[in-house]
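Student: Can you read through this structure? Questions will come right after.
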Amino acid sequence: MGDEILEMLACVEHIQWQEWAESVCGDIEVLLEIIKDNVDLNDLDSSRLEVIERNAQRVENWPKLMVDYSKLSEEMKEKDRVYARKVYEICKNEFV
């Protein structure tokens, strides 16, 4: 696979993730607000607190990644490339 094709597919993968993440972030923000207003965190076990914290971190961190693919770090681009390679292999095996 050529680097150009890999980068084009990775860019599309990033756009797809970005659209999904924007939707999910909105939902998470609403759920976190409901929890904040209605739940005493002291009543929750550690595994539930971890879920809340993990999702709060997503809401904080994901917007930093909602940029054009070209502006991502190489580490983040590689995460998109992993899925780009999978798409390429499927297409290669099915359509070539």
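Going by the structure tokens order, chains are called A, B, ..., each with residues numbered from 1, while ligands are numbered from 1 in the order shown.
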Which residues come within 9 Å of region 19-22 of chain A, counting only C-alpha atoms, excluding same-chain residues fewer than 6 positions away, as a count of residues only?
Tutor: 3
Student: Show which residues sit within 12 Å of Lys86 (chain A), as a short mmCIF file (atom, residue, chain, number, x, y, z; two decimals) with all heavy atoms, in the first residue's frame. Count only C-alpha atoms, and ignore same-chain residues fewer than 5 positions away.
Tutor:
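The file below, around_31.cif, is the result:
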data_model
loop_
_atom_site.label_atom_id
_atom_site.label_comp_id
_atom_site.auth_asym_id
_atom_site.auth_seq_id
_atom_site.Cartn_x
_atom_site.Cartn_y
_atom_site.Cartn_z
N MET A 1 0.85 -1.18 0.00
CA MET A 1 0.00 0.00 0.00
C MET A 1 0.89 1.23 0.00
O MET A 1 1.84 1.32 0.76
CB MET A 1 -0.90 -0.02 1.24
CG MET A 1 -1.56 1.29 1.53
SD MET A 1 -2.66 1.40 2.98
CE MET A 1 -2.35 0.00 3.96
N LEU A 6 -2.63 5.28 2.23
CA LEU A 6 -2.75 5.09 3.68
C LEU A 6 -3.16 6.39 4.36
O LEU A 6 -4.07 6.39 5.20
CB LEU A 6 -1.42 4.59 4.26
CG LEU A 6 -1.39 4.44 5.78
CD1 LEU A 6 -2.40 3.41 6.25
CD2 LEU A 6 0.01 4.09 6.24
N LEU A 9 -6.88 7.26 3.60
CA LEU A 9 -7.78 6.42 4.38
C LEU A 9 -7.74 6.79 5.86
O LEU A 9 -8.79 6.83 6.53
CB LEU A 9 -7.44 4.94 4.20
CG LEU A 9 -7.72 4.34 2.83
CD1 LEU A 9 -7.13 2.94 2.73
CD2 LEU A 9 -9.21 4.32 2.54
N ALA A 10 -6.57 7.08 6.37
CA ALA A 10 -6.45 7.47 7.78
C ALA A 10 -7.18 8.79 8.04
O ALA A 10 -7.82 8.96 9.09
CB ALA A 10 -4.98 7.58 8.17
N GLU A 13 -10.76 7.96 8.30
CA GLU A 13 -11.00 7.33 9.60
C GLU A 13 -11.07 8.38 10.71
O GLU A 13 -11.91 8.29 11.60
CB GLU A 13 -9.90 6.31 9.92
CG GLU A 13 -9.94 5.07 9.08
CD GLU A 13 -11.20 4.25 9.31
OE1 GLU A 13 -11.76 4.24 10.43
OE2 GLU A 13 -11.62 3.59 8.34
N LYS A 79 -2.91 5.92 15.24
CA LYS A 79 -4.15 5.27 15.68
C LYS A 79 -5.17 5.23 14.55
O LYS A 79 -5.89 4.24 14.39
CB LYS A 79 -4.73 6.00 16.90
CG LYS A 79 -3.86 5.81 18.12
CD LYS A 79 -4.43 6.49 19.34
CE LYS A 79 -3.51 6.23 20.52
NZ LYS A 79 -4.13 6.48 21.79
N ASP A 80 -5.23 6.27 13.73
CA ASP A 80 -6.12 6.26 12.56
C ASP A 80 -5.57 5.33 11.48
O ASP A 80 -6.33 4.66 10.79
CB ASP A 80 -6.29 7.67 12.01
CG ASP A 80 -7.09 8.57 12.93
OD1 ASP A 80 -8.12 8.11 13.45
OD2 ASP A 80 -6.67 9.72 13.14
N ARG A 81 -4.27 5.27 11.35
CA ARG A 81 -3.66 4.41 10.33
C ARG A 81 -3.94 2.93 10.60
O ARG A 81 -4.05 2.14 9.66
CB ARG A 81 -2.16 4.64 10.27
CG ARG A 81 -1.78 5.99 9.70
CD ARG A 81 -0.28 6.18 9.73
NE ARG A 81 0.09 7.53 9.36
CZ ARG A 81 0.94 8.29 10.03
NH1 ARG A 81 1.58 7.81 11.10
NH2 ARG A 81 1.21 9.51 9.62
N CYS A 91 -10.60 -4.06 1.32
CA CYS A 91 -10.80 -3.66 -0.09
C CYS A 91 -9.90 -4.45 -1.03
O CYS A 91 -10.33 -4.91 -2.08
CB CYS A 91 -10.55 -2.16 -0.24
SG CYS A 91 -11.78 -1.14 0.57
N LYS A 92 -8.65 -4.61 -0.65
CA LYS A 92 -7.71 -5.33 -1.48
C LYS A 92 -8.16 -6.79 -1.67
O LYS A 92 -8.14 -7.31 -2.79
CB LYS A 92 -6.31 -5.31 -0.84
CG LYS A 92 -5.24 -5.99 -1.68
CD LYS A 92 -3.88 -5.87 -1.02
CE LYS A 92 -3.77 -6.98 0.00
NZ LYS A 92 -2.46 -7.16 0.58
N ASN A 93 -8.60 -7.41 -0.59
CA ASN A 93 -9.00 -8.81 -0.67
C ASN A 93 -10.33 -9.01 -1.38
O ASN A 93 -10.57 -10.06 -1.99
CB ASN A 93 -9.05 -9.42 0.73
CG ASN A 93 -7.70 -9.52 1.37
OD1 ASN A 93 -6.68 -9.65 0.68
ND2 ASN A 93 -7.65 -9.46 2.68
#
Student: Considering only C-alpha atoms, return as a list in words whatever protein or nucleic-acid residues lie within 12 Å of Ser70 (chain A), sequence-local ones (same chain, fewer than 2 positions apart) excluded.
Tutor: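 These residues fall inside the cut-off: Glu7, Met8, Ala10, Cys11, Val12, His14, Ile15, Leu65, Met66, Val67, Asp68, Leu72, Ser73, Glu74, Met76, Lys77, Glu78 and Asp80 of chain A.
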Student: Take the residues that were just selected and, keeping all heavy atoms, output them as a CSV table (one decimal), in the first residue's frame.
Tutor:
chain,number,residue,atom,x,y,z
A,7,GLU,N,-2.5,7.5,4.0
A,7,GLU,CA,-2.9,8.8,4.6
A,7,GLU,C,-4.3,9.2,4.3
A,7,GLU,O,-5.0,9.8,5.1
A,7,GLU,CB,-1.8,9.8,4.3
A,7,GLU,CG,-0.5,9.6,4.9
A,7,GLU,CD,-0.5,9.4,6.4
A,7,GLU,OE1,-0.9,10.4,7.1
A,7,GLU,OE2,-0.2,8.4,6.9
A,8,MET,N,-4.7,9.0,3.0
A,8,MET,CA,-6.1,9.4,2.7
A,8,MET,C,-7.1,8.6,3.5
A,8,MET,O,-8.1,9.1,4.0
A,8,MET,CB,-6.3,9.2,1.2
A,8,MET,CG,-5.6,10.2,0.3
A,8,MET,SD,-5.7,10.0,-1.5
A,8,MET,CE,-6.7,8.7,-1.9
A,10,ALA,N,-6.6,7.1,6.4
A,10,ALA,CA,-6.4,7.5,7.8
A,10,ALA,C,-7.2,8.8,8.0
A,10,ALA,O,-7.8,9.0,9.1
A,10,ALA,CB,-5.0,7.6,8.2
A,11,CYS,N,-7.1,9.7,7.1
A,11,CYS,CA,-7.8,11.0,7.2
A,11,CYS,C,-9.3,10.7,7.3
A,11,CYS,O,-10.0,11.3,8.1
A,11,CYS,CB,-7.5,11.9,6.1
A,11,CYS,SG,-8.3,13.5,6.1
A,12,VAL,N,-9.8,9.8,6.5
A,12,VAL,CA,-11.3,9.5,6.5
A,12,VAL,C,-11.6,8.9,7.8
A,12,VAL,O,-12.7,9.1,8.4
A,12,VAL,CB,-11.7,8.6,5.3
A,12,VAL,CG1,-13.1,8.1,5.5
A,12,VAL,CG2,-11.5,9.4,4.0
A,14,HIS,N,-10.2,9.4,10.6
A,14,HIS,CA,-10.2,10.4,11.6
A,14,HIS,C,-11.5,11.2,11.6
A,14,HIS,O,-12.1,11.6,12.6
A,14,HIS,CB,-9.0,11.3,11.5
A,14,HIS,CG,-9.0,12.4,12.5
A,14,HIS,ND1,-8.8,12.2,13.8
A,14,HIS,CD2,-9.1,13.8,12.4
A,14,HIS,CE1,-8.8,13.3,14.5
A,14,HIS,NE2,-9.0,14.3,13.7
A,15,ILE,N,-11.9,11.6,10.4
A,15,ILE,CA,-13.2,12.3,10.2
A,15,ILE,C,-14.3,11.5,10.8
A,15,ILE,O,-15.2,12.1,11.5
A,15,ILE,CB,-13.4,12.7,8.8
A,15,ILE,CG1,-12.4,13.7,8.3
A,15,ILE,CG2,-14.8,13.2,8.5
A,15,ILE,CD1,-12.3,13.9,6.8
A,65,LEU,N,-8.5,16.7,20.1
A,65,LEU,CA,-8.2,15.8,19.0
A,65,LEU,C,-9.1,16.1,17.8
A,65,LEU,O,-8.9,15.5,16.8
A,65,LEU,CB,-8.2,14.4,19.4
A,65,LEU,CG,-7.3,13.9,20.5
A,65,LEU,CD1,-7.6,12.5,20.9
A,65,LEU,CD2,-5.9,14.1,20.1
A,66,MET,N,-10.1,17.0,18.0
A,66,MET,CA,-11.0,17.3,17.0
A,66,MET,C,-10.5,18.4,16.1
A,66,MET,O,-11.0,19.5,16.1
A,66,MET,CB,-12.4,17.6,17.6
A,66,MET,CG,-13.0,16.4,18.3
A,66,MET,SD,-14.6,16.8,19.0
A,66,MET,CE,-14.9,15.4,20.0
A,67,VAL,N,-9.4,18.0,15.4
A,67,VAL,CA,-8.7,18.9,14.5
A,67,VAL,C,-8.5,18.2,13.2
A,67,VAL,O,-8.7,17.0,13.1
A,67,VAL,CB,-7.4,19.4,15.1
A,67,VAL,CG1,-7.6,20.2,16.4
A,67,VAL,CG2,-6.4,18.2,15.3
A,68,ASP,N,-8.1,18.9,12.2
A,68,ASP,CA,-7.8,18.3,10.9
A,68,ASP,C,-6.7,17.2,11.1
A,68,ASP,O,-5.8,17.4,11.9
A,68,ASP,CB,-7.3,19.4,10.0
A,68,ASP,CG,-7.1,18.9,8.6
A,68,ASP,OD1,-8.2,18.7,7.9
A,68,ASP,OD2,-6.0,18.5,8.2
A,72,LEU,N,-2.7,16.5,13.7
A,72,LEU,CA,-2.5,15.5,14.7
A,72,LEU,C,-1.0,15.1,14.9
A,72,LEU,O,-0.2,15.2,13.9
A,72,LEU,CB,-3.2,14.2,14.4
A,72,LEU,CG,-4.8,14.3,14.4
A,72,LEU,CD1,-5.3,12.9,13.9
A,72,LEU,CD2,-5.3,14.6,15.8
A,73,SER,N,-0.7,14.7,16.1
A,73,SER,CA,0.7,14.2,16.3
A,73,SER,C,0.9,12.9,15.6
A,73,SER,O,-0.1,12.2,15.2
A,73,SER,CB,0.9,14.0,17.8
A,73,SER,OG,0.1,12.9,18.2
A,74,GLU,N,2.1,12.5,15.3
A,74,GLU,CA,2.3,11.2,14.7
A,74,GLU,C,1.7,10.0,15.5
A,74,GLU,O,1.2,9.1,14.9
A,74,GLU,CB,3.8,11.0,14.4
A,74,GLU,CG,4.3,11.7,13.2
A,74,GLU,CD,3.6,11.4,11.9
A,74,GLU,OE1,3.5,10.2,11.6
A,74,GLU,OE2,3.2,12.3,11.2
A,76,MET,N,-1.0,10.1,17.3
A,76,MET,CA,-2.4,10.0,17.1
A,76,MET,C,-2.8,9.6,15.6
A,76,MET,O,-3.7,8.9,15.4
A,76,MET,CB,-3.1,11.4,17.4
A,76,MET,CG,-2.9,11.8,18.9
A,76,MET,SD,-3.4,10.5,20.1
A,76,MET,CE,-5.1,10.2,19.7
A,77,LYS,N,-2.0,10.1,14.7
A,77,LYS,CA,-2.2,9.7,13.3
A,77,LYS,C,-2.1,8.1,13.2
A,77,LYS,O,-2.8,7.5,12.4
A,77,LYS,CB,-1.2,10.3,12.3
A,77,LYS,CG,-1.5,11.8,12.1
A,77,LYS,CD,-0.4,12.3,11.1
A,77,LYS,CE,-0.6,13.8,10.8
A,77,LYS,NZ,0.4,14.3,9.9
A,78,GLU,N,-1.1,7.6,13.9
A,78,GLU,CA,-0.9,6.1,13.8
A,78,GLU,C,-2.2,5.4,14.3
A,78,GLU,O,-2.5,4.3,13.8
A,78,GLU,CB,0.3,5.7,14.6
A,78,GLU,CG,0.6,4.2,14.5
A,78,GLU,CD,0.9,3.8,13.0
A,78,GLU,OE1,1.3,4.6,12.2
A,78,GLU,OE2,0.5,2.6,12.7
A,80,ASP,N,-5.2,6.3,13.7
A,80,ASP,CA,-6.1,6.3,12.6
A,80,ASP,C,-5.6,5.3,11.5
A,80,ASP,O,-6.3,4.7,10.8
A,80,ASP,CB,-6.3,7.7,12.0
A,80,ASP,CG,-7.1,8.6,12.9
A,80,ASP,OD1,-8.1,8.1,13.4
A,80,ASP,OD2,-6.7,9.7,13.1
